[in-house]
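Peer 1: Before I ask anything, here is the structure I am working with.
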Amino acid sequence: MQLNEYLQNPCSKLSIPYWKNKMMVIPENIKIVHNDDFCEGILNDYCDEKYFRLIHYLNNVDNKIPDDFSLRTAEFTDIPLIVKIINNCYSDLSVSYEQILSYTKTKAYDKNLWILVYEIKTNNPVGCGIADFDSEAREGILEWIQVLPQYRGKKIGQFIVNELLRRMKNADFVTVSGKVDNVTNPERLYRKCGFVGNDIWHIMHKK
């Protein structure tokens, strides 16, 4: 796909960011279909996982900081802490140091788009955010937005998302995706922060 075609409607053109699509080779046992082209008959041969994909045009970004919390830009030495935070947020998912480190080796890596949030009173880390920036498409991409379970409901997730949006001054738009059936309902968080769209992608593995 050419860049000008992608930019017409990023979330409906591809299930992933443009820069990733340029390098990706889809395995033979995987089929990726937009909801507009999906039919139930495909499920005879494939198992289906649905993903939303939303877009933000960087207008009206909230700049409120929740009371009792602060943030700082993460360093390379914080990667073990970020891994720990991510793994403590899931019961069915685990990431490794090598997986998170690999994000720093891509063309879309931006060191200013890695942040950590702390509780001021205890100085305990409570959440993290990782985003990418593709200078060719001028696209920002939210990758990981995590808040420890015991600190949820305090608008820390919104704080992380909005801070990353504020830092993407060179982006024309920002995209994010996630599983539709995620029990933590991340789509609700992103929409609260101004993301819009109704694009659903089916990522299907052959049975």
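Following the order of the structure tokens, first chain is A, next is B, and so on, with residues numbered from 1 inside each chain and ligands from 1 in the order they appear.
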Which residues, written as a list in words, have at least one atom at most 7 Å from Phe195 of chain A, with only C-alpha atoms counted and residues fewer than 4 positions away on the same chain left out?
Peer 2: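 Near Phe195 of chain A, the qualifying residues are Leu54, Ile55, His56, Tyr190 and Arg191 of chain A.
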Peer 1: Skipping near chain neighbours, those fewer than 5 positions away, what residues fall within 8 Å of segment 136-150 of chain A using only C-alpha atoms, listed as a list in words?
Peer 2: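 Returned residues: Leu3, Leu7, Pro17, Tyr18, Trp19, Ile85, Ile86, Asn88, Cys89, Val126, Gly127, Cys128, Gly129, Ile130, Ala131, Ile156, Gly157, Ile160, Val161, Met168, Asn170, Ala171, Asp172, Phe173, Val174, Thr175, Val176 and Ser177 of chain A.
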Peer 1: Could you write those residues out with N, CA and C atoms, as a PDB file, in the first residue's frame?
Peer 2:
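Generated file (out.pdb):
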ATOM      1  N   LEU A   3       1.733   5.275   0.697  1.00  0.00           N
ATOM      2  CA  LEU A   3       1.477   6.150   1.835  1.00  0.00           C
ATOM      3  C   LEU A   3       0.269   7.049   1.607  1.00  0.00           C
ATOM      4  N   LEU A   7      -3.004   7.321   4.119  1.00  0.00           N
ATOM      5  CA  LEU A   7      -3.356   8.552   4.824  1.00  0.00           C
ATOM      6  C   LEU A   7      -4.785   9.002   4.572  1.00  0.00           C
ATOM      7  N   PRO A  17      -0.062   0.105  12.034  1.00  0.00           N
ATOM      8  CA  PRO A  17       0.531   1.336  11.502  1.00  0.00           C
ATOM      9  C   PRO A  17       1.280   1.103  10.191  1.00  0.00           C
ATOM     10  N   TYR A  18       1.374   2.149   9.409  1.00  0.00           N
ATOM     11  CA  TYR A  18       1.976   2.076   8.076  1.00  0.00           C
ATOM     12  C   TYR A  18       3.398   1.538   8.120  1.00  0.00           C
ATOM     13  N   TRP A  19       4.209   2.012   9.064  1.00  0.00           N
ATOM     14  CA  TRP A  19       5.617   1.604   9.078  1.00  0.00           C
ATOM     15  C   TRP A  19       5.760   0.117   9.382  1.00  0.00           C
ATOM     16  N   ILE A  85       5.764  -3.696  35.493  1.00  0.00           N
ATOM     17  CA  ILE A  85       4.459  -3.043  35.526  1.00  0.00           C
ATOM     18  C   ILE A  85       3.501  -3.719  34.542  1.00  0.00           C
ATOM     19  N   ILE A  86       3.963  -3.922  33.308  1.00  0.00           N
ATOM     20  CA  ILE A  86       3.108  -4.547  32.297  1.00  0.00           C
ATOM     21  C   ILE A  86       2.654  -5.923  32.756  1.00  0.00           C
ATOM     22  N   ASN A  88       2.415  -7.125  35.720  1.00  0.00           N
ATOM     23  CA  ASN A  88       1.531  -7.059  36.881  1.00  0.00           C
ATOM     24  C   ASN A  88       0.124  -6.585  36.523  1.00  0.00           C
ATOM     25  N   CYS A  89      -0.042  -6.145  35.284  1.00  0.00           N
ATOM     26  CA  CYS A  89      -1.357  -5.670  34.837  1.00  0.00           C
ATOM     27  C   CYS A  89      -2.174  -6.759  34.163  1.00  0.00           C
ATOM     28  N   VAL A 126       3.306   3.554  39.433  1.00  0.00           N
ATOM     29  CA  VAL A 126       1.930   3.067  39.352  1.00  0.00           C
ATOM     30  C   VAL A 126       1.470   2.802  37.921  1.00  0.00           C
ATOM     31  N   GLY A 127       2.240   3.258  36.940  1.00  0.00           N
ATOM     32  CA  GLY A 127       1.830   3.063  35.557  1.00  0.00           C
ATOM     33  C   GLY A 127       2.920   3.479  34.595  1.00  0.00           C
ATOM     34  N   CYS A 128       2.711   3.138  33.321  1.00  0.00           N
ATOM     35  CA  CYS A 128       3.690   3.499  32.299  1.00  0.00           C
ATOM     36  C   CYS A 128       3.000   3.671  30.957  1.00  0.00           C
ATOM     37  N   GLY A 129       3.682   4.330  30.052  1.00  0.00           N
ATOM     38  CA  GLY A 129       3.182   4.510  28.698  1.00  0.00           C
ATOM     39  C   GLY A 129       4.316   4.452  27.700  1.00  0.00           C
ATOM     40  N   ILE A 130       4.079   3.787  26.578  1.00  0.00           N
ATOM     41  CA  ILE A 130       5.057   3.713  25.490  1.00  0.00           C
ATOM     42  C   ILE A 130       4.333   4.051  24.195  1.00  0.00           C
ATOM     43  N   ALA A 131       4.932   4.957  23.422  1.00  0.00           N
ATOM     44  CA  ALA A 131       4.371   5.310  22.122  1.00  0.00           C
ATOM     45  C   ALA A 131       5.495   5.393  21.091  1.00  0.00           C
ATOM     46  N   ILE A 156      -5.460   7.892  36.023  1.00  0.00           N
ATOM     47  CA  ILE A 156      -4.043   7.820  35.671  1.00  0.00           C
ATOM     48  C   ILE A 156      -3.888   7.406  34.211  1.00  0.00           C
ATOM     49  N   GLY A 157      -4.733   6.496  33.739  1.00  0.00           N
ATOM     50  CA  GLY A 157      -4.677   6.080  32.342  1.00  0.00           C
ATOM     51  C   GLY A 157      -4.892   7.255  31.399  1.00  0.00           C
ATOM     52  N   ILE A 160      -1.774   9.391  31.334  1.00  0.00           N
ATOM     53  CA  ILE A 160      -0.705   8.835  30.508  1.00  0.00           C
ATOM     54  C   ILE A 160      -0.985   9.075  29.020  1.00  0.00           C
ATOM     55  N   VAL A 161      -2.213   8.760  28.595  1.00  0.00           N
ATOM     56  CA  VAL A 161      -2.568   8.948  27.186  1.00  0.00           C
ATOM     57  C   VAL A 161      -2.421  10.404  26.781  1.00  0.00           C
ATOM     58  N   MET A 168       3.537  14.480  21.256  1.00  0.00           N
ATOM     59  CA  MET A 168       3.609  14.164  19.824  1.00  0.00           C
ATOM     60  C   MET A 168       3.360  15.416  18.982  1.00  0.00           C
ATOM     61  N   ASN A 170       4.993  16.662  16.573  1.00  0.00           N
ATOM     62  CA  ASN A 170       5.293  16.558  15.148  1.00  0.00           C
ATOM     63  C   ASN A 170       4.353  15.629  14.401  1.00  0.00           C
ATOM     64  N   ALA A 171       3.401  15.035  15.109  1.00  0.00           N
ATOM     65  CA  ALA A 171       2.470  14.099  14.468  1.00  0.00           C
ATOM     66  C   ALA A 171       1.257  14.832  13.899  1.00  0.00           C
ATOM     67  N   ASP A 172       0.731  14.309  12.803  1.00  0.00           N
ATOM     68  CA  ASP A 172      -0.521  14.818  12.247  1.00  0.00           C
ATOM     69  C   ASP A 172      -1.719  14.092  12.850  1.00  0.00           C
ATOM     70  N   PHE A 173      -1.478  12.861  13.302  1.00  0.00           N
ATOM     71  CA  PHE A 173      -2.539  12.068  13.908  1.00  0.00           C
ATOM     72  C   PHE A 173      -1.893  10.958  14.730  1.00  0.00           C
ATOM     73  N   VAL A 174      -2.697  10.355  15.601  1.00  0.00           N
ATOM     74  CA  VAL A 174      -2.228   9.259  16.463  1.00  0.00           C
ATOM     75  C   VAL A 174      -3.230   8.124  16.366  1.00  0.00           C
ATOM     76  N   THR A 175      -2.731   6.895  16.283  1.00  0.00           N
ATOM     77  CA  THR A 175      -3.619   5.739  16.228  1.00  0.00           C
ATOM     78  C   THR A 175      -3.359   4.818  17.417  1.00  0.00           C
ATOM     79  N   VAL A 176      -4.360   4.001  17.707  1.00  0.00           N
ATOM     80  CA  VAL A 176      -4.241   3.005  18.771  1.00  0.00           C
ATOM     81  C   VAL A 176      -5.157   1.842  18.429  1.00  0.00           C
ATOM     82  N   SER A 177      -4.774   0.657  18.862  1.00  0.00           N
ATOM     83  CA  SER A 177      -5.628  -0.505  18.650  1.00  0.00           C
ATOM     84  C   SER A 177      -5.594  -1.384  19.885  1.00  0.00           C
TER      85      SER A 177
END
Peer 1: Identify which of the residues A:Tyr57, A:Phe52, A:Phe69, A:Trp114 lies closest to Ile82 of chain A, counting only C-alpha atoms when measuring atom-to-atom distances.
Peer 2: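 Using only C-alpha atoms, the shortest distance to Ile82 of chain A belongs to A:Trp114.
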Peer 1: From segment 69-204 of chain A, collect each residue whose DSSP state is helix (DSSP H, G or I) and return the set as a VMD selection string.
Peer 2: chain A and resid 76 to 88 97 to 105 111 to 113 149 to 151 156 to 167 186 to 192
